Amino acid sequence: MNPVVMQLTVRGLLGRRRSVLLVVLPVLLLGLAALTRWASDGSPTASAGLTGTFAMGTLLPLMCLLIGTGVIGPEIDDGSIVYVLAKPVPRRSILLAKLAVALGTTLVFAVLPIMVGAALAGDDGLRLTAAYGLAALLAGVAYTTIFVALSVLTRNAVIIGLLYALLWESVLGGYVPGVRDVSVRQWALAPAEQLLGARAADWGVVSAVSTPVGIVLLVVVTVGAVWLGVRRLKTLRLAAAD
Amino acid sequence: MSAIVLDRVSRWYGNVVAVNDVTMTIGPGITGLLGPNGAGKSTLISMMGGFLAPSAGTVLLDGGPVWRNPEIYRNVGLVPEAEAMYDMVTGQQFLLANARLHGLPDAGAAARRALELVDLVGPSDRRIATYSKGMKQRIKMATALVHDPAVLLLDEPFNGMDPRQRLHLMDLLRRLAAEGRTVLFSSHILEEVEQIADTIEVLVSGRHAASGDYRRIRGLMTERPHQYTIVSTDDRRLGAALVAAGAADGVTLAGGALAVQTSDFGRFVHALPRLAQDAGVQLLEVSPADESLESVFAYLVAR
């Protein structure tokens, strides 16, 4: 990891106009959480509904997409990445530095708001908050890493990411049982389900896979994404249109 | 003293050959890479800078490979053609970041020195987004020089510069070359290249068309057959006089104009007004038919 690359990445990520969304979306969630508490009198079931569908299903993948494609994609698109690449710095440390910034941002702007949202909307001794916090953390790490790697691998990372997060996970996952087994969200929900034990079914925190399977798949996908991203950055073509 | 050696380097994208079997050695001093747009100059520079793998052949810097070898950037400074930079930081911050990425012991001093070199100390506390095109070009130059590299690769560095900035950069490149550095820059303008380059490498349609100092390249370009289109009060008579005097190799009368081909440029230019006067013919229009750089280059390739 390279501190200079991290600094430049933070400036780039937060300096762009679309970084406003990084604040707007979490604020929206907190607003909905407050409404939910007011409307259903702090019932954990309602809170779990909001967190499970909107926070985990829409907000988290969208935030990770914004962050993951924002830390390196724009630089590759406009060619300014050349100033970082034309340095005696291993490409691995460049990618890891950018990934570290992305993961830190995901934690602050996505995982923490989801936990606060769950606690705010209604909870029973913060058990739901802890469970969804764990699921959001695991899913957030996997999503963000996938999207960072994706933006090194292809210029169409945003489109592909959107299709995956919204179409594959939300729509297809809702109707086709097999698809649900191949889903970051389902993998991350498995340990949360286990954490809640008997209450999980009541609150609707149910995963399609078991905890060991979920964890193993999360690790495999995350490590694989890092490996692919580093490998691609080592041979990234930077030829101007001649 | 560093040298870049290209040995039978080719690069293709699918069916399109961008660089075709180029062999050249870039040594200390200023080398100008001359060629029309689309000749493959940027592709060649990308390969020299380690940002593109050759499809065939090898590119070596001081005997070591440049592809997949970020260590070369300790000795190589790169000025890309693309304008995009880290717009949201100030010039000073950007230079400092570059110096630190190079792991320089005194990054602050190196950044200051580079800014002085390109005469950009004053505006260095402004964000790069506010810079003019010429200033951005200079900040790019400064980032390439911050670590005092032995090799400098510049892709179209004079693009977008006004005449004063152009002179300033030429002066800077001359000084860098005088210190024994290897400086390579690309351009599509012959005058620009011949003003400062010790060696000129001509690239046309991906092929290495010619190589030598500016006298040799200039000679190759002026000794080629020239085409002129002349409109006069009596084309037929003038054409006959030109051929009779040996000032033209051939003339064609077509479409109300006289097309003249000559291999002796100087002789033709001197003879034309005299012959016209002697024959009592009034010249209405004399224009070179093929003075575009592309046609000059095309001749060099076909030669």
# chains A, B, ... in the order shown; residues from 1 in each chain; ligands from 1

$ residues_around --residues "A:Ala157" --least-positions-apart "2" --cutoff "12 Å" --atoms "only C-alpha atoms" --output "count of residues only"
29

$ closest_atom_pairs --of "chain A" --to "chain B" --cutoff "7 Å" --atoms "only C-alpha atoms" --output "Markdown table"
| residue | atom | partner | partner_atom | distance |
| --- | --- | --- | --- | --- |
| A:Val4 | CA | B:Ala97 | CA | 6.1 |
| A:Gly15 | CA | B:Met88 | CA | 6.6 |
| A:Asp78 | CA | B:Ala84 | CA | 5.8 |
| A:Gly79 | CA | B:Ala84 | CA | 6.3 |
| A:Ser80 | CA | B:Met85 | CA | 4.9 |
| A:Ala86 | CA | B:Tyr73 | CA | 5.8 |
| A:Lys87 | CA | B:Tyr73 | CA | 5.2 |
| A:Pro88 | CA | B:Glu71 | CA | 4.8 |
| A:Val89 | CA | B:Pro70 | CA | 6.5 |
| A:Pro90 | CA | B:Pro70 | CA | 6.7 |
| A:Lys234 | CA | B:Arg68 | CA | 6.3 |
| A:Thr235 | CA | B:Arg68 | CA | 6.6 |
| A:Arg237 | CA | B:Leu52 | CA | 5.3 |
| A:Leu238 | CA | B:Phe51 | CA | 5.4 |
| A:Ala239 | CA | B:Ser46 | CA | 5.8 |
| A:Ala240 | CA | B:Ser42 | CA | 6.3 |
| A:Asp242 | CA | B:Gly38 | CA | 5.1 |

$ write_last_selection --atoms "N, CA and C atoms" --output "mmCIF file, in the first residue's frame"
data_model
loop_
_atom_site.group_PDB
_atom_site.id
_atom_site.type_symbol
_atom_site.label_atom_id
_atom_site.label_comp_id
_atom_site.auth_asym_id
_atom_site.auth_seq_id
_atom_site.Cartn_x
_atom_site.Cartn_y
_atom_site.Cartn_z
ATOM 1 N N VAL A 4 0.857 7.810 -0.721
ATOM 2 C CA VAL A 4 0.626 8.898 -1.679
ATOM 3 C C VAL A 4 -0.533 8.544 -2.604
ATOM 4 N N GLY A 15 -13.561 14.447 -4.329
ATOM 5 C CA GLY A 15 -13.544 15.744 -5.005
ATOM 6 C C GLY A 15 -14.513 15.813 -6.174
ATOM 7 N N ASP A 78 -9.646 8.568 -18.313
ATOM 8 C CA ASP A 78 -9.089 9.806 -18.864
ATOM 9 C C ASP A 78 -7.571 9.734 -19.032
ATOM 10 N N GLY A 79 -6.956 8.650 -18.608
ATOM 11 C CA GLY A 79 -5.524 8.459 -18.852
ATOM 12 C C GLY A 79 -4.619 9.038 -17.772
ATOM 13 N N SER A 80 -5.212 9.712 -16.768
ATOM 14 C CA SER A 80 -4.339 10.333 -15.769
ATOM 15 C C SER A 80 -3.673 9.287 -14.875
ATOM 16 N N ALA A 86 3.582 5.386 -13.993
ATOM 17 C CA ALA A 86 4.952 5.639 -14.457
ATOM 18 C C ALA A 86 5.865 5.956 -13.282
ATOM 19 N N LYS A 87 5.752 5.156 -12.251
ATOM 20 C CA LYS A 87 6.568 5.352 -11.057
ATOM 21 C C LYS A 87 7.125 3.992 -10.630
ATOM 22 N N PRO A 88 8.275 4.007 -9.969
ATOM 23 C CA PRO A 88 8.840 2.721 -9.523
ATOM 24 C C PRO A 88 8.091 2.173 -8.312
ATOM 25 N N VAL A 89 6.797 2.008 -8.454
ATOM 26 C CA VAL A 89 5.955 1.485 -7.382
ATOM 27 C C VAL A 89 5.301 0.218 -7.923
ATOM 28 N N PRO A 90 5.398 -0.901 -7.178
ATOM 29 C CA PRO A 90 4.758 -2.126 -7.676
ATOM 30 C C PRO A 90 3.272 -1.896 -7.902
ATOM 31 N N LYS A 234 -0.969 -4.781 -13.949
ATOM 32 C CA LYS A 234 0.435 -4.951 -14.339
ATOM 33 C C LYS A 234 0.616 -4.824 -15.843
ATOM 34 N N THR A 235 -0.431 -5.170 -16.601
ATOM 35 C CA THR A 235 -0.302 -5.133 -18.059
ATOM 36 C C THR A 235 -1.323 -4.174 -18.670
ATOM 37 N N ARG A 237 -2.934 -1.550 -20.678
ATOM 38 C CA ARG A 237 -2.523 -0.875 -21.909
ATOM 39 C C ARG A 237 -2.866 0.591 -21.832
ATOM 40 N N LEU A 238 -1.911 1.414 -22.085
ATOM 41 C CA LEU A 238 -2.182 2.845 -22.061
ATOM 42 C C LEU A 238 -1.686 3.470 -23.347
ATOM 43 N N ALA A 239 -2.282 3.107 -24.436
ATOM 44 C CA ALA A 239 -1.874 3.711 -25.700
ATOM 45 C C ALA A 239 -2.891 4.760 -26.078
ATOM 46 N N ALA A 240 -2.399 5.959 -26.325
ATOM 47 C CA ALA A 240 -3.308 7.007 -26.758
ATOM 48 C C ALA A 240 -3.823 6.666 -28.152
ATOM 49 N N ASP A 242 -3.814 7.032 -31.517
ATOM 50 C CA ASP A 242 -2.741 7.659 -32.309
ATOM 51 C C ASP A 242 -3.285 8.318 -33.567
#

$ residues_around --residues "stretch 238-249 of chain B" --least-positions-apart "3" --cutoff "10 Å" --atoms "only C-alpha atoms" --output "PyMOL selection string"
chain B and resi 225-227+230-235+252-253+258-272+275-283

$ residues_around --residues "stretch 22-34 of chain A" --least-positions-apart "4" --cutoff "9 Å" --atoms "only C-alpha atoms" --output "VMD selection string"
chain A and resid 14 18 38 to 39 47 50 to 51 54 to 55 59 63 66 to 67 109 to 110 113 to 114 116 to 122

$ write_last_selection --atoms "C-alpha atoms" --output "mmCIF file, in the first residue's frame"
data_model
loop_
_atom_site.group_PDB
_atom_site.id
_atom_site.type_symbol
_atom_site.label_atom_id
_atom_site.label_comp_id
_atom_site.auth_asym_id
_atom_site.auth_seq_id
_atom_site.Cartn_x
_atom_site.Cartn_y
_atom_site.Cartn_z
ATOM 1 C CA LEU A 14 -14.413 12.873 -2.685
ATOM 2 C CA ARG A 18 -20.894 12.329 -7.842
ATOM 3 C CA TRP A 38 -42.548 6.444 13.696
ATOM 4 C CA ALA A 39 -44.942 4.359 11.588
ATOM 5 C CA SER A 47 -36.795 -2.536 10.851
ATOM 6 C CA LEU A 50 -36.363 -1.958 5.658
ATOM 7 C CA THR A 51 -32.776 -2.993 6.280
ATOM 8 C CA PHE A 54 -33.692 -1.343 0.846
ATOM 9 C CA ALA A 55 -30.425 -1.076 2.806
ATOM 10 C CA LEU A 59 -28.322 0.921 -1.030
ATOM 11 C CA MET A 63 -22.888 2.584 -2.740
ATOM 12 C CA LEU A 66 -20.216 4.193 -6.734
ATOM 13 C CA ILE A 67 -17.162 3.795 -4.536
ATOM 14 C CA PHE A 109 -20.598 5.744 4.120
ATOM 15 C CA ALA A 110 -22.414 2.400 3.725
ATOM 16 C CA PRO A 113 -25.285 4.087 8.081
ATOM 17 C CA ILE A 114 -26.893 0.665 7.624
ATOM 18 C CA VAL A 116 -27.439 3.194 12.480
ATOM 19 C CA GLY A 117 -30.486 2.763 10.251
ATOM 20 C CA ALA A 118 -31.309 -0.627 11.725
ATOM 21 C CA ALA A 119 -30.884 0.644 15.285
ATOM 22 C CA LEU A 120 -32.954 3.728 14.538
ATOM 23 C CA ALA A 121 -35.827 1.940 12.808
ATOM 24 C CA GLY A 122 -36.245 -0.494 15.668
#

$ atom_distance --atom1 "atom CA of A:Leu166" --atom2 "atom CA of A:Gly104"
23.2 Å

$ select_by_dssp --residues "stretch 14-263 of chain B" --states "strand (DSSP E or B)" --output "PyMOL selection string"
chain B and resi 16-26+29-34+56-61+64-65+76-79+90+127+151-154+182-187+199-204+207-212+226-232+250-254+257-262

$ closest_residue --among "A:Thr36, A:Val184, A:Leu128, A:Asn2" --to "A:Asp202" --atoms "only C-alpha atoms"
A:Leu128

$ closest_residue --among "B:Thr90, B:Thr31, B:Asn20, B:Ser132" --to "B:Gln195" --atoms "only C-alpha atoms"
B:Thr31

$ select_by_dssp --residues "stretch 6-215 of chain B" --states "helix (DSSP H, G or I)" --output "MDAnalysis selection string"
chainID B and resid 41:48 70:74 91:101 107:117 122:125 128:130 133:145 163:178 190:196 214:215

$ atom_distance --atom1 "atom CA of B:His208" --atom2 "atom CA of B:Ser186"
13.5 Å

$ residues_around --residues "B:Ile139" --least-positions-apart "2" --cutoff "9 Å" --atoms "only C-alpha atoms" --output "list in words"
Gly91, Phe94, Leu95, Ala114, Leu115, Val118, Leu120, Ile128, Gly134, Met135, Lys136, Gln137, Met141, Ala142, Thr143 and Ala144 of chain B

$ decode --residues "stretch 191-225 of chain A" --atoms "C-alpha atoms" --output "PDB file, in the first residue's frame"
ATOM      1  CA  PRO A 191     -23.487 -15.557   9.200  1.00  0.00           C
ATOM      2  CA  ALA A 192     -26.059 -12.903  10.142  1.00  0.00           C
ATOM      3  CA  GLU A 193     -28.773 -15.564  10.152  1.00  0.00           C
ATOM      4  CA  GLN A 194     -26.633 -17.764  12.352  1.00  0.00           C
ATOM      5  CA  LEU A 195     -25.898 -14.877  14.708  1.00  0.00           C
ATOM      6  CA  LEU A 196     -29.592 -14.239  15.267  1.00  0.00           C
ATOM      7  CA  GLY A 197     -30.359 -17.917  15.863  1.00  0.00           C
ATOM      8  CA  ALA A 198     -34.052 -18.560  16.564  1.00  0.00           C
ATOM      9  CA  ARG A 199     -35.073 -14.946  15.922  1.00  0.00           C
ATOM     10  CA  ALA A 200     -33.738 -14.987  12.398  1.00  0.00           C
ATOM     11  CA  ALA A 201     -36.829 -16.582  10.889  1.00  0.00           C
ATOM     12  CA  ASP A 202     -39.171 -14.193  12.764  1.00  0.00           C
ATOM     13  CA  TRP A 203     -37.336 -11.162  11.428  1.00  0.00           C
ATOM     14  CA  GLY A 204     -36.890 -12.546   7.951  1.00  0.00           C
ATOM     15  CA  VAL A 205     -33.110 -12.669   8.020  1.00  0.00           C
ATOM     16  CA  VAL A 206     -32.769 -15.797   5.918  1.00  0.00           C
ATOM     17  CA  SER A 207     -29.949 -16.844   3.643  1.00  0.00           C
ATOM     18  CA  ALA A 208     -30.022 -19.317   0.780  1.00  0.00           C
ATOM     19  CA  VAL A 209     -26.683 -20.850   1.807  1.00  0.00           C
ATOM     20  CA  SER A 210     -25.060 -22.087   5.016  1.00  0.00           C
ATOM     21  CA  THR A 211     -22.520 -20.015   6.934  1.00  0.00           C
ATOM     22  CA  PRO A 212     -19.363 -22.002   5.998  1.00  0.00           C
ATOM     23  CA  VAL A 213     -20.369 -22.002   2.332  1.00  0.00           C
ATOM     24  CA  GLY A 214     -21.152 -18.284   2.452  1.00  0.00           C
ATOM     25  CA  ILE A 215     -17.857 -17.363   4.121  1.00  0.00           C
ATOM     26  CA  VAL A 216     -15.764 -19.545   1.837  1.00  0.00           C
ATOM     27  CA  LEU A 217     -17.423 -18.151  -1.289  1.00  0.00           C
ATOM     28  CA  LEU A 218     -17.005 -14.559  -0.049  1.00  0.00           C
ATOM     29  CA  VAL A 219     -13.304 -15.132   0.590  1.00  0.00           C
ATOM     30  CA  VAL A 220     -12.783 -16.877  -2.755  1.00  0.00           C
ATOM     31  CA  VAL A 221     -14.543 -14.131  -4.712  1.00  0.00           C
ATOM     32  CA  THR A 222     -12.821 -11.289  -2.849  1.00  0.00           C
ATOM     33  CA  VAL A 223      -9.321 -12.727  -3.060  1.00  0.00           C
ATOM     34  CA  GLY A 224      -9.928 -13.725  -6.669  1.00  0.00           C
ATOM     35  CA  ALA A 225     -11.029 -10.192  -7.549  1.00  0.00           C
TER      36      ALA A 225
END
